[in-house]
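> Take this structure first; my questions come after.
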Amino acid sequence: MAFQEGETVYLEDANGKRVWAKVAYGMVKVQSLGAIDGTRFRDLDDGDRLTIVGREYTVFRPGVTELMDSLERGAQIISPKDAATILMHCDVKCGDRVIEVGAGSGGLTTALLHAVAPEGRVHTLELKEENAHRAGRNVARVGLDRYWSYAIGDAREMDPGVDWQADVLTMDMPDPWLALPNLEGSLRAGGRICAYVPNMNQVESIVVALREAGYSDVHALENIQRYLEVHPGGVRPSFDTLGHTGYLVFGRKRSGKKE
Ligand SMILES: C[S@@+](CC[C@H](N)C(=O)[O-])C[C@H]1O[C@@H](n2cnc3c(N)ncnc32)[C@H](O)[C@@H]1O
C-alpha cells in the first residue's frame, strides 16, 4: 500500500544513514534535507527508492526497533534487545493490559504499546511530569497514544489509578522492591512481572522481595548481544558492541487460592 498522509517514514541513504519525515501530500519537511514535494510519496510503497538533490534514498515504514532508536531522548531507554526479552518472558500480546513504572523517554512504552495495540493498553506511573510528557510526545509521534495513559506520582505509594488488574507489571526504577507491595494488588493472579535494574545489588533485592512475596518462576538474566563486522575474508565481532545495559528479573504471581 502506498504511503498515506500522516505516516511517519524514514529515508535511508547508501551508507545506512537515516532521516525521518511525516508524509503529507503538500510540502514535506525531511529532517536535515529541507522540504520536498510530498505528492511524490503517493506513488511510493515500503522499500521504494526516491532521489533527492541527486542522492538516492530508500523509503521505509519503521518497525518498532527503528521507532525506539529514533525517540527523543532524555532518560536512558531500555534497548530493543532488552525490550524484546521483556515481551517474550512476560508473554505480552495484543489485548493485554500492562502497568509500567518509569516512562523515562517512552522506549519500553513504545515496545509495549506496539505489542498490546489495538485491543490492549499500557498505563504508566511516572515520578516526573517532564518525563511523562516526553514519553507522551514519543508515543504520539508513532501513533500509539490512544492506547496509552499515565499518572504522575511515586509508584511506591500512589494509587495506580486504573479500575482493572494488569496482565503484566514492568518496573524500570531504582528500587522496584519498594514499589512491589503497593502495586502487586494491581496485577492479576497468573500475571507476570519484570524489573529492569542496572546493578547486581538491585537484582538481589528484587529477587528476594519476589521470593518472599511468593512469586513463582523468579529468574534473573543479562542479555549480551554481539554484532559482527562482515567483510570478505574478515569477519569479527564489532568494536562498537553495546556492553552492559541492565539486568532483567522476572516472576509470575500466584493466587492465594489453594484447593
Ligand atoms: C531509566 S528511566 C525509564 C526508561 C524507560 N523504561 C524507557 O525505556 O525509556 C526511569 C524512570 O523511572 C522514573 N522513576 C524513578 N523512580 C520512580 C518512582 N518511585 N515512581 C515512579 N517513577 C519513578 C524516573 O523519573 C524515570 O523517568
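By convention here, the chains of the C-alpha cells are called A, B, ... in the order presented, each chain's residues are numbered starting at 1, and ligands are numbered starting at 1 in the order presented.
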Within 6 Å of ligand 1, which residues of chain A show up? Give each one with its shortest atom-to-atom distance in Å (one decimal) and the two atoms involved, counting only C-alpha atoms and all ligand atoms, rows by chain then rising residue number, as JSON lines.

{"residue": "A:Ala75", "atom": "CA", "partner": "ligand 1", "partner_atom_place_in_ligand_line": "2 (S)", "distance": 5.1}
{"residue": "A:Gln76", "atom": "CA", "partner": "ligand 1", "partner_atom_place_in_ligand_line": "1 (C)", "distance": 5.2}
{"residue": "A:Ile77", "atom": "CA", "partner": "ligand 1", "partner_atom_place_in_ligand_line": "8 (O)", "distance": 3.5}
{"residue": "A:Ile78", "atom": "CA", "partner": "ligand 1", "partner_atom_place_in_ligand_line": "8 (O)", "distance": 3.9}
{"residue": "A:Val101", "atom": "CA", "partner": "ligand 1", "partner_atom_place_in_ligand_line": "22 (N)", "distance": 5.5}
{"residue": "A:Gly102", "atom": "CA", "partner": "ligand 1", "partner_atom_place_in_ligand_line": "12 (O)", "distance": 3.3}
{"residue": "A:Ala103", "atom": "CA", "partner": "ligand 1", "partner_atom_place_in_ligand_line": "27 (O)", "distance": 5.0}
{"residue": "A:Gly104", "atom": "CA", "partner": "ligand 1", "partner_atom_place_in_ligand_line": "27 (O)", "distance": 3.4}
{"residue": "A:Ser105", "atom": "CA", "partner": "ligand 1", "partner_atom_place_in_ligand_line": "9 (O)", "distance": 3.7}
{"residue": "A:Gly106", "atom": "CA", "partner": "ligand 1", "partner_atom_place_in_ligand_line": "9 (O)", "distance": 4.1}
{"residue": "A:Gly107", "atom": "CA", "partner": "ligand 1", "partner_atom_place_in_ligand_line": "8 (O)", "distance": 3.4}
{"residue": "A:Leu108", "atom": "CA", "partner": "ligand 1", "partner_atom_place_in_ligand_line": "8 (O)", "distance": 4.0}
{"residue": "A:Leu125", "atom": "CA", "partner": "ligand 1", "partner_atom_place_in_ligand_line": "21 (C)", "distance": 5.3}
{"residue": "A:Glu126", "atom": "CA", "partner": "ligand 1", "partner_atom_place_in_ligand_line": "22 (N)", "distance": 3.8}
{"residue": "A:Leu127", "atom": "CA", "partner": "ligand 1", "partner_atom_place_in_ligand_line": "22 (N)", "distance": 3.9}
{"residue": "A:Lys128", "atom": "CA", "partner": "ligand 1", "partner_atom_place_in_ligand_line": "25 (O)", "distance": 5.0}
{"residue": "A:Asn131", "atom": "CA", "partner": "ligand 1", "partner_atom_place_in_ligand_line": "27 (O)", "distance": 5.3}
{"residue": "A:Gly153", "atom": "CA", "partner": "ligand 1", "partner_atom_place_in_ligand_line": "21 (C)", "distance": 5.9}
{"residue": "A:Asp154", "atom": "CA", "partner": "ligand 1", "partner_atom_place_in_ligand_line": "20 (N)", "distance": 3.7}
{"residue": "A:Ala155", "atom": "CA", "partner": "ligand 1", "partner_atom_place_in_ligand_line": "20 (N)", "distance": 3.8}
{"residue": "A:Arg156", "atom": "CA", "partner": "ligand 1", "partner_atom_place_in_ligand_line": "19 (N)", "distance": 5.4}
{"residue": "A:Asp172", "atom": "CA", "partner": "ligand 1", "partner_atom_place_in_ligand_line": "6 (N)", "distance": 5.3}
{"residue": "A:Met173", "atom": "CA", "partner": "ligand 1", "partner_atom_place_in_ligand_line": "15 (C)", "distance": 4.5}
> Would you mind exporting the chosen residues as a JSON list (two decimals), in the first residue's frame, restricted to C-alpha atoms?

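result-v7.json, freshly written:
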[["chain", "number", "residue", "atom", "x", "y", "z"],
["A", 75, "ALA", "CA", 16.41, 9.27, 30.35],
["A", 76, "GLN", "CA", 18.27, 6.22, 29.05],
["A", 77, "ILE", "CA", 15.85, 3.94, 27.19],
["A", 78, "ILE", "CA", 15.53, 0.19, 27.52],
["A", 101, "VAL", "CA", 6.63, 2.09, 36.14],
["A", 102, "GLY", "CA", 9.05, 4.66, 34.75],
["A", 103, "ALA", "CA", 8.11, 6.39, 31.50],
["A", 104, "GLY", "CA", 11.65, 7.72, 31.02],
["A", 105, "SER", "CA", 11.78, 8.51, 27.31],
["A", 106, "GLY", "CA", 8.99, 6.09, 26.41],
["A", 107, "GLY", "CA", 11.31, 3.44, 24.93],
["A", 108, "LEU", "CA", 9.79, 0.41, 26.62],
["A", 125, "LEU", "CA", 3.29, 5.53, 36.50],
["A", 126, "GLU", "CA", 5.96, 8.23, 36.42],
["A", 127, "LEU", "CA", 7.51, 10.41, 39.11],
["A", 128, "LYS", "CA", 8.45, 13.35, 36.87],
["A", 131, "ASN", "CA", 9.50, 12.59, 31.59],
["A", 153, "GLY", "CA", 3.38, 10.09, 41.28],
["A", 154, "ASP", "CA", 5.60, 7.79, 43.26],
["A", 155, "ALA", "CA", 4.96, 4.15, 42.39],
["A", 156, "ARG", "CA", 5.98, 3.17, 45.92],
["A", 172, "ASP", "CA", 12.21, 0.34, 35.38],
["A", 173, "MET", "CA", 13.05, 2.27, 38.55]]
> Can you tell me which residues surround Val203 in chain A at a distance of at most 8 Å, considering only C-alpha atoms, apart from same-chain residues fewer than 3 positions away, and format the answer as a list in words?
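Neighbouring residues, sequence-local ones excluded: Val197, Asn199, Met200, Ile206, Val207, Ala220, Tyr247, Leu248 and Val249 of chain A.
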> Please report, as a VMD selection string, each residue of range 71-190 of chain A to which DSSP assigns alpha helix (DSSP H) when run on this structure's backbone.
chain A and resid 80 to 89 107 to 116 129 to 141 176 to 183
> Considering only C-alpha atoms, return as a ChimeraX atom specification whatever protein or nucleic-acid residues lie within 7 Å of range 31-45 of chain A, sequence-local ones (same chain, fewer than 3 positions apart) excluded.
/A:1-3,19-21,23-28,48
> Would you save the residues of that selection, restricted to C-alpha atoms, as a short mmCIF file (atom, residue, chain, number, x, y, z; two decimals), in the first residue's frame?

data_model
loop_
_atom_site.label_atom_id
_atom_site.label_comp_id
_atom_site.auth_asym_id
_atom_site.auth_seq_id
_atom_site.Cartn_x
_atom_site.Cartn_y
_atom_site.Cartn_z
CA MET A 1 0.00 0.00 0.00
CA ALA A 2 1.31 3.44 -0.95
CA PHE A 3 2.37 5.77 1.85
CA VAL A 19 16.42 10.79 8.06
CA TRP A 20 12.79 10.99 9.15
CA ALA A 21 9.69 12.55 7.59
CA VAL A 23 4.10 12.06 4.91
CA ALA A 24 1.78 14.79 3.62
CA TYR A 25 0.64 15.38 0.07
CA GLY A 26 1.85 19.01 0.21
CA MET A 27 5.36 20.17 1.01
CA VAL A 28 7.08 17.77 3.42
CA ASP A 48 10.81 2.01 -2.86
#
> So that I can check the surroundings of Gly190 in chain A, please list as an MDAnalysis selection string every protein, DNA and RNA residue that reaches within 8 Å of it, counting only C-alpha atoms and ignoring chain neighbours fewer than 2 positions away.
chainID A and resid 167 188 192 252:255
> So the first atom is CA of His244 in chain A and the second is CA of Leu180 in chain A; what is the distance between them in Å, to one decimal place?
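CA of Leu180 in chain A lies 25.1 Å from CA of His244 in chain A.
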> Any idea what's packed within 10 Å of Pro118 in chain A, counting only C-alpha atoms, ignoring anything in its chain fewer than 4 positions away? Could you give it as an MDAnalysis selection string?
chainID A and resid 94:96 113:114 144 146:147
> Quick one, how far is CA of Pro174 in chain A from CA of Gly256 in chain A?
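Answer for the CA of Pro174 in chain A to CA of Gly256 in chain A separation: 28.3 Å.
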